[in-house]
Amino acid sequence: MEYNTDRTQLLMPEYGRIIQQLVERCKELPTKEQRSEMALAIVDFMGQRNPQLRDEENYKHKLWDHIFILSNYELDADSPYPFPSREELMERPKKMDYPKLQGDYKFYGKSILQLIDHAIALEPGEEKEALIQVIANNMKKSYNVYNKEHVQDDVIIRHLKELADNRLDLTGLESLERSKIYHSSHNNRNGNGNNRNGNGNNQNRRRNNNHNKNRN
C-alpha cells in the first residue's frame with residue numbers, strides 16, 4: 001500500500017493529485033509543441049474540475065499561472081499569458097490602508113465621501129452650496145438612524161468639516177432637516193406604546209364594569 005506521505009508533495013492541493021501528475025507528464029514531453037498542446041488541455045481540465053473559478057475575473061490567466069506553479073516553475077510551453085517568476089508569485093501583497101470612515105464616521109458610508117470629493121471639485125456657486133446642504137442633511141439622517149438619537153447640527157457640521165479636510169465653505173449651513181426616517185419610526189414606537197396603554201385601560205374599565213354588575 002502506498003501512503004500519501006510517501007508520494008510527492010502537492011504544490012496546490014485544491015487541484016488534486018491527478019492534475020499534478022498530468023503536469024509532471026507534460027514537462028517530460030520531448031517537444032515544446034507537444035508540451036504546449038497538453039498544457040492547454042490541462043488548463044481546460046482544471047477549469048472543468050473547478051467551475052467556481054469561472055466567476056473570477058481573468059480566470060484563464062489564473063489557471064495558466066496555476067499550471068506554472070504546479071510545474072514548480074519549470075514548464076517550457078507556449079502560453080497566451082507571460083509566466084510570472086517565482087519572486088513575483090511569492091511577493092507579499094501591499095498593505096491596505098484602513099478606510100477613512102472610522103469611529104464616529106463609519107455609519108456615513110463611502111457614498112458620502114464621494115459626494116464630498118465631488119463638492120470640493122465644483123466651482124463656487126449655487127450648485128456647490130446646494131450639494132453641501134444635501135450632504136449635510138443625509139449625514140444627519142444617517143446619524144439619527146444609526147444611533148437612534150437626535151444629533152445637534154453643529155456635530156454634523158464638525159464631522160463634515162473634518163471629512164472634507166477643511167476644504168469646503170460651510171458658513172452657508174444654517175439649519176439641517178430633521179430625519180424623517182428616525183422621527184417616523186420613533187413616533188410609531190410611541191404610538192404603539194400609547195395603543196398598548198389604551199388597550200390596557202379599556203380592559204381595566206371592562207373588568208370594573210363587570211365587577212360592579214355582579215355586585216348589583
# chains A, B, ... in the order shown; residues from 1 in each chain; ligands from 1

$ residues_around --residues "stretch 33-40 of chain A" --least-positions-apart "4" --cutoff "12 Å" --atoms "only C-alpha atoms" --output "number ranges by chain"
A: 19-20, 22-29, 44-47, 60-61, 63-68, 70-71, 74-81

$ write_last_selection --atoms "C-alpha atoms" --output "mmCIF file, in the first residue's frame"
data_model
loop_
_atom_site.group_PDB
_atom_site.id
_atom_site.type_symbol
_atom_site.label_atom_id
_atom_site.label_comp_id
_atom_site.auth_asym_id
_atom_site.auth_seq_id
_atom_site.Cartn_x
_atom_site.Cartn_y
_atom_site.Cartn_z
ATOM 1 C CA ILE A 19 -3.706 17.210 -12.310
ATOM 2 C CA GLN A 20 -0.313 17.282 -10.554
ATOM 3 C CA LEU A 22 -0.601 15.391 -15.680
ATOM 4 C CA VAL A 23 1.579 18.470 -15.300
ATOM 5 C CA GLU A 24 4.592 16.298 -14.454
ATOM 6 C CA ARG A 25 3.895 14.227 -17.561
ATOM 7 C CA CYS A 26 3.579 17.421 -19.629
ATOM 8 C CA LYS A 27 7.038 18.574 -18.513
ATOM 9 C CA GLU A 28 8.564 15.314 -19.808
ATOM 10 C CA LEU A 29 7.244 15.577 -23.380
ATOM 11 C CA ASP A 44 -9.256 23.320 -19.784
ATOM 12 C CA PHE A 45 -9.473 20.290 -17.484
ATOM 13 C CA MET A 46 -8.571 22.440 -14.468
ATOM 14 C CA GLY A 47 -11.403 24.814 -15.379
ATOM 15 C CA LYS A 60 -7.986 31.853 -17.609
ATOM 16 C CA HIS A 61 -4.939 33.886 -16.725
ATOM 17 C CA LEU A 63 -5.279 28.927 -14.471
ATOM 18 C CA TRP A 64 -2.148 29.384 -16.565
ATOM 19 C CA ASP A 65 -0.362 30.823 -13.543
ATOM 20 C CA HIS A 66 -1.511 27.818 -11.523
ATOM 21 C CA ILE A 67 -0.253 25.281 -14.045
ATOM 22 C CA PHE A 68 3.099 27.039 -13.964
ATOM 23 C CA LEU A 70 2.170 23.076 -10.407
ATOM 24 C CA SER A 71 5.187 22.529 -12.672
ATOM 25 C CA GLU A 74 9.768 24.505 -14.832
ATOM 26 C CA LEU A 75 7.173 24.197 -17.614
ATOM 27 C CA ASP A 76 8.570 25.195 -21.002
ATOM 28 C CA ALA A 77 5.438 25.715 -23.091
ATOM 29 C CA ASP A 78 3.704 28.434 -25.070
ATOM 30 C CA SER A 79 1.130 30.347 -23.061
ATOM 31 C CA PRO A 80 -1.295 33.133 -24.029
ATOM 32 C CA TYR A 81 -0.010 34.937 -20.920
#

$ atom_distance --atom1 "atom CA of A:Tyr146" --atom2 "atom CA of A:Arg158"
17.8 Å

$ closest_residue --among "A:Asn137, A:Thr31, A:Gln152, A:Ser142" --to "A:Lys106" --atoms "only C-alpha atoms"
A:Ser142

$ closest_residue --among "A:Leu168, A:Met12, A:Val43, A:Ile135" --to "A:Leu122" --atoms "only C-alpha atoms"
A:Leu168

$ residues_around --residues "A:Gly172" --least-positions-apart "5" --cutoff "9 Å" --atoms "only C-alpha atoms" --output "tab-separated table (two decimals) with N, CA and C atoms, in the first residue's frame"
chain	number	residue	atom	x	y	z
A	129	GLU	N	-23.26	75.00	-3.17
A	129	GLU	CA	-23.93	75.22	-1.89
A	129	GLU	C	-25.08	74.24	-1.69
A	132	ILE	N	-23.65	70.78	-0.83
A	132	ILE	CA	-23.19	70.74	0.56
A	132	ILE	C	-24.37	70.56	1.51
A	133	GLN	N	-25.48	71.25	1.22
A	133	GLN	CA	-26.68	71.13	2.05
A	133	GLN	C	-27.22	69.71	2.00
